[in-house]
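The structure appears below as structure tokens.
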Amino acid sequence: MSALLRLLRKGAPAAACLRLGTSAGTGPRRAMALYHTEERGQPCSQNYRLFFKDVTGHYISPFHDIPLKVNSKEENGIPTKKARNDEYENLFNMIVEIPRWTNAKMEIATEEPLNPIKQYVKDGKLRYVANIFPYKGYIWNYGTLPQTWEDPGEKDKSTNCFGDNDPIDVCEIGSKILSCGEVIHVKILGILALIDEGETDWKLIAINVNDPEASKFHDIDDVEKFKPGYLEATLNWFRLYKVPDGKPENQFAFNGEFKNKAFALEVIKSTHQCWKALLMKKCNGGAINCTNVQISDSPFRCTQEEARSLVESVLSSPNKESNEEEQVWHFLGK
């Protein structure tokens with residue numbers, strides 16, 4: 001068993017691709033050139049972290065330093081091209097946390113300096129979502145929009161529930177299986193209001209602008225038109241995915257109705273304003289770590305040297321032998 005683990009882990013990037021069900025060279029990645037990732041620790045362990053770097057090789061926070069919108073004046077100090085039309089004015093950066101068809105619950109570590117991606121731990125164990133028949137793992141590329149925050153101290157006017165204390169989630173419905181840590185440009189199509197244990201947990205529906213079918217999709221109705229059954233499957237997945245863990249079915253605002261693009265853009269705008277207040281220390285962020293490198297007027301800004309020191313302090317440690325068999329099966333996608 002130990003020998004198999006060492007073989008699977010030979011070369012961290014390759015092991016991570018195997019673990020997350022991704023492959024190299026899966027099409028163009030226009031946004032990826034601006035951001036790179038660096039692994040620390042062993043994949044499938046509690047010490048695994050995926051840190052982000054900008055185009056110059058400096059460490060950044062994906063939560064705080066990657067711009068929300070693609071057509072912001074500049075990204076990493078590099079001026080961006082002016083939007084070609086109204087649709088392209090609403091392109092957003094998405095950080096992929098979980099590739100489609102995989103089970104490991106990877107997420108931005110909102111309470112850690114520079115907010116690397118890690119695997120969620122619950123009750124001392126790594127979290128994997130159950131397979132909801134007939135699906136394998138997550139049924140979309142799942143991730144988040146940077147520079148957004150669902151404030152747990154602010155009640156959402158449309159759902160009458162407080163925020164879930166995370167960046168806003170995104171379900172990317174394109175045809176490609178993306179990689180953990182990949183940064184892509186997405187078109188927003190609509191949104192679903194999940195009520196998770198009494199908290200508002202918005203789920204954006206979006207498509208990679210680089211997807212071969214992206215030109216067909218402009219609003220939520222196009223999803224049902226060109227991918228019939230996908231929205232229904234999405235609703236059922238979110239309703240049931242915690243049931244195997246002994247929890248009740250999730251509930252939804254608006255009786256599970258998917259809201260359109262215009263509604264979704266307003267929600268994004270609101271969560272971006274909440275994030276701004278968080279970074280400017282104008283609200284109580286609790287345990288959220290706001291350390292950033294590029295937000296010039298934020299009191300939480302650190303230098304590039306300080307950011308490097310923070311990353312260097314994250315030391316790798318071997319995985320426990322007692323968990324090796326479980327890790328092998330998840331490596332193999334069992």
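Here, A, B, ... name the chains of the structure tokens in the order displayed, residue numbers run from 1 inside each chain, and ligands are numbered from 1 in the same displayed order.
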
Can you pull out every residue within 7 Å of Ile132 (chain A), counting only C-alpha atoms, but drop anything in the same chain fewer than 2 positions away, and send it as a PDB file with all heavy atoms, in the first residue's frame?
```
ATOM      1  N   ALA A 130     -20.654  12.490  -1.245  1.00  0.00           N
ATOM      2  CA  ALA A 130     -21.140  11.193  -1.704  1.00  0.00           C
ATOM      3  C   ALA A 130     -21.576  11.287  -3.168  1.00  0.00           C
ATOM      4  O   ALA A 130     -21.863  12.378  -3.687  1.00  0.00           O
ATOM      5  CB  ALA A 130     -22.312  10.743  -0.835  1.00  0.00           C
ATOM      6  N   PRO A 134     -27.703   9.400 -10.457  1.00  0.00           N
ATOM      7  CA  PRO A 134     -26.707   8.550 -11.127  1.00  0.00           C
ATOM      8  C   PRO A 134     -25.366   9.245 -11.366  1.00  0.00           C
ATOM      9  O   PRO A 134     -24.654   8.881 -12.297  1.00  0.00           O
ATOM     10  CB  PRO A 134     -27.400   8.274 -12.466  1.00  0.00           C
ATOM     11  CG  PRO A 134     -28.087   9.585 -12.771  1.00  0.00           C
ATOM     12  CD  PRO A 134     -28.521  10.145 -11.433  1.00  0.00           C
ATOM     13  N   TYR A 135     -25.022  10.226 -10.545  1.00  0.00           N
ATOM     14  CA  TYR A 135     -23.852  11.054 -10.826  1.00  0.00           C
ATOM     15  C   TYR A 135     -22.629  10.629 -10.029  1.00  0.00           C
ATOM     16  O   TYR A 135     -22.741   9.995  -8.984  1.00  0.00           O
ATOM     17  CB  TYR A 135     -24.162  12.529 -10.531  1.00  0.00           C
ATOM     18  CG  TYR A 135     -25.435  12.995 -11.173  1.00  0.00           C
ATOM     19  CD1 TYR A 135     -26.559  13.275 -10.398  1.00  0.00           C
ATOM     20  CD2 TYR A 135     -25.525  13.123 -12.554  1.00  0.00           C
ATOM     21  CE1 TYR A 135     -27.741  13.678 -10.987  1.00  0.00           C
ATOM     22  CE2 TYR A 135     -26.704  13.528 -13.151  1.00  0.00           C
ATOM     23  CZ  TYR A 135     -27.821  13.802 -12.360  1.00  0.00           C
ATOM     24  OH  TYR A 135     -28.988  14.194 -12.949  1.00  0.00           O
ATOM     25  N   LYS A 136     -21.467  11.029 -10.513  1.00  0.00           N
ATOM     26  CA  LYS A 136     -20.198  10.797  -9.831  1.00  0.00           C
ATOM     27  C   LYS A 136     -19.661  12.136  -9.347  1.00  0.00           C
ATOM     28  O   LYS A 136     -19.293  12.993 -10.139  1.00  0.00           O
ATOM     29  CB  LYS A 136     -19.188  10.135 -10.778  1.00  0.00           C
ATOM     30  CG  LYS A 136     -17.749  10.094 -10.262  1.00  0.00           C
ATOM     31  CD  LYS A 136     -17.589   9.094  -9.108  1.00  0.00           C
ATOM     32  CE  LYS A 136     -16.119   8.904  -8.748  1.00  0.00           C
ATOM     33  NZ  LYS A 136     -15.494  10.080  -8.160  1.00  0.00           N
ATOM     34  N   TRP A 237     -29.314  17.698  -7.057  1.00  0.00           N
ATOM     35  CA  TRP A 237     -28.009  17.443  -6.438  1.00  0.00           C
ATOM     36  C   TRP A 237     -27.864  18.258  -5.161  1.00  0.00           C
ATOM     37  O   TRP A 237     -27.496  17.720  -4.114  1.00  0.00           O
ATOM     38  CB  TRP A 237     -26.893  17.779  -7.420  1.00  0.00           C
ATOM     39  CG  TRP A 237     -25.557  17.232  -7.032  1.00  0.00           C
ATOM     40  CD1 TRP A 237     -24.982  16.070  -7.455  1.00  0.00           C
ATOM     41  CD2 TRP A 237     -24.606  17.833  -6.127  1.00  0.00           C
ATOM     42  NE1 TRP A 237     -23.746  15.899  -6.882  1.00  0.00           N
ATOM     43  CE2 TRP A 237     -23.489  16.955  -6.065  1.00  0.00           C
ATOM     44  CE3 TRP A 237     -24.569  18.997  -5.382  1.00  0.00           C
ATOM     45  CZ2 TRP A 237     -22.373  17.237  -5.269  1.00  0.00           C
ATOM     46  CZ3 TRP A 237     -23.469  19.268  -4.591  1.00  0.00           C
ATOM     47  CH2 TRP A 237     -22.385  18.401  -4.540  1.00  0.00           C
ATOM     48  N   TYR A 241     -27.369  16.240  -1.556  1.00  0.00           N
ATOM     49  CA  TYR A 241     -25.977  15.845  -1.393  1.00  0.00           C
ATOM     50  C   TYR A 241     -25.533  15.660   0.065  1.00  0.00           C
ATOM     51  O   TYR A 241     -24.535  14.984   0.328  1.00  0.00           O
ATOM     52  CB  TYR A 241     -25.039  16.805  -2.131  1.00  0.00           C
ATOM     53  CG  TYR A 241     -24.673  18.087  -1.418  1.00  0.00           C
ATOM     54  CD1 TYR A 241     -23.423  18.249  -0.826  1.00  0.00           C
ATOM     55  CD2 TYR A 241     -25.561  19.157  -1.373  1.00  0.00           C
ATOM     56  CE1 TYR A 241     -23.072  19.431  -0.196  1.00  0.00           C
ATOM     57  CE2 TYR A 241     -25.223  20.340  -0.755  1.00  0.00           C
ATOM     58  CZ  TYR A 241     -23.977  20.470  -0.162  1.00  0.00           C
ATOM     59  OH  TYR A 241     -23.638  21.649   0.465  1.00  0.00           O
TER      60      TYR A 241
END
```

In region 59-270 of chain A, what's helix (DSSP H, G or I) per DSSP? Answer as a ChimeraX atom specification? /A:87-90,214-216,220-226,230-240,243-245,253-256,261-270

Rank nothing, just name the residue among A:Phe238, A:Tyr120, A:Tyr48, A:Trp140 nearest to Leu192 (chain A), using only C-alpha atoms. A:Phe238

Taking only C-alpha atoms into account, name the residue in A:Leu278, A:Leu114, A:Ile98, A:Met106 that is nearest to Asn292 (chain A).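 Under the stated criterion, the closest residue is A:Leu114.
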
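Closest approach to Leu189 (chain A) among A:Thr56, A:Gln119, A:Asn260, A:Gln251: A:Asn260, based on only C-alpha atoms.
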
When distances are computed from only C-alpha atoms, which of A:Val267, A:Leu34, A:Ile205, A:Ile173 shows the smallest separation from Phe52 (chain A)? A:Leu34

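Put simply, CA of Asp201 (chain A) is 17.9 Å away from CA of Glu232 (chain A).
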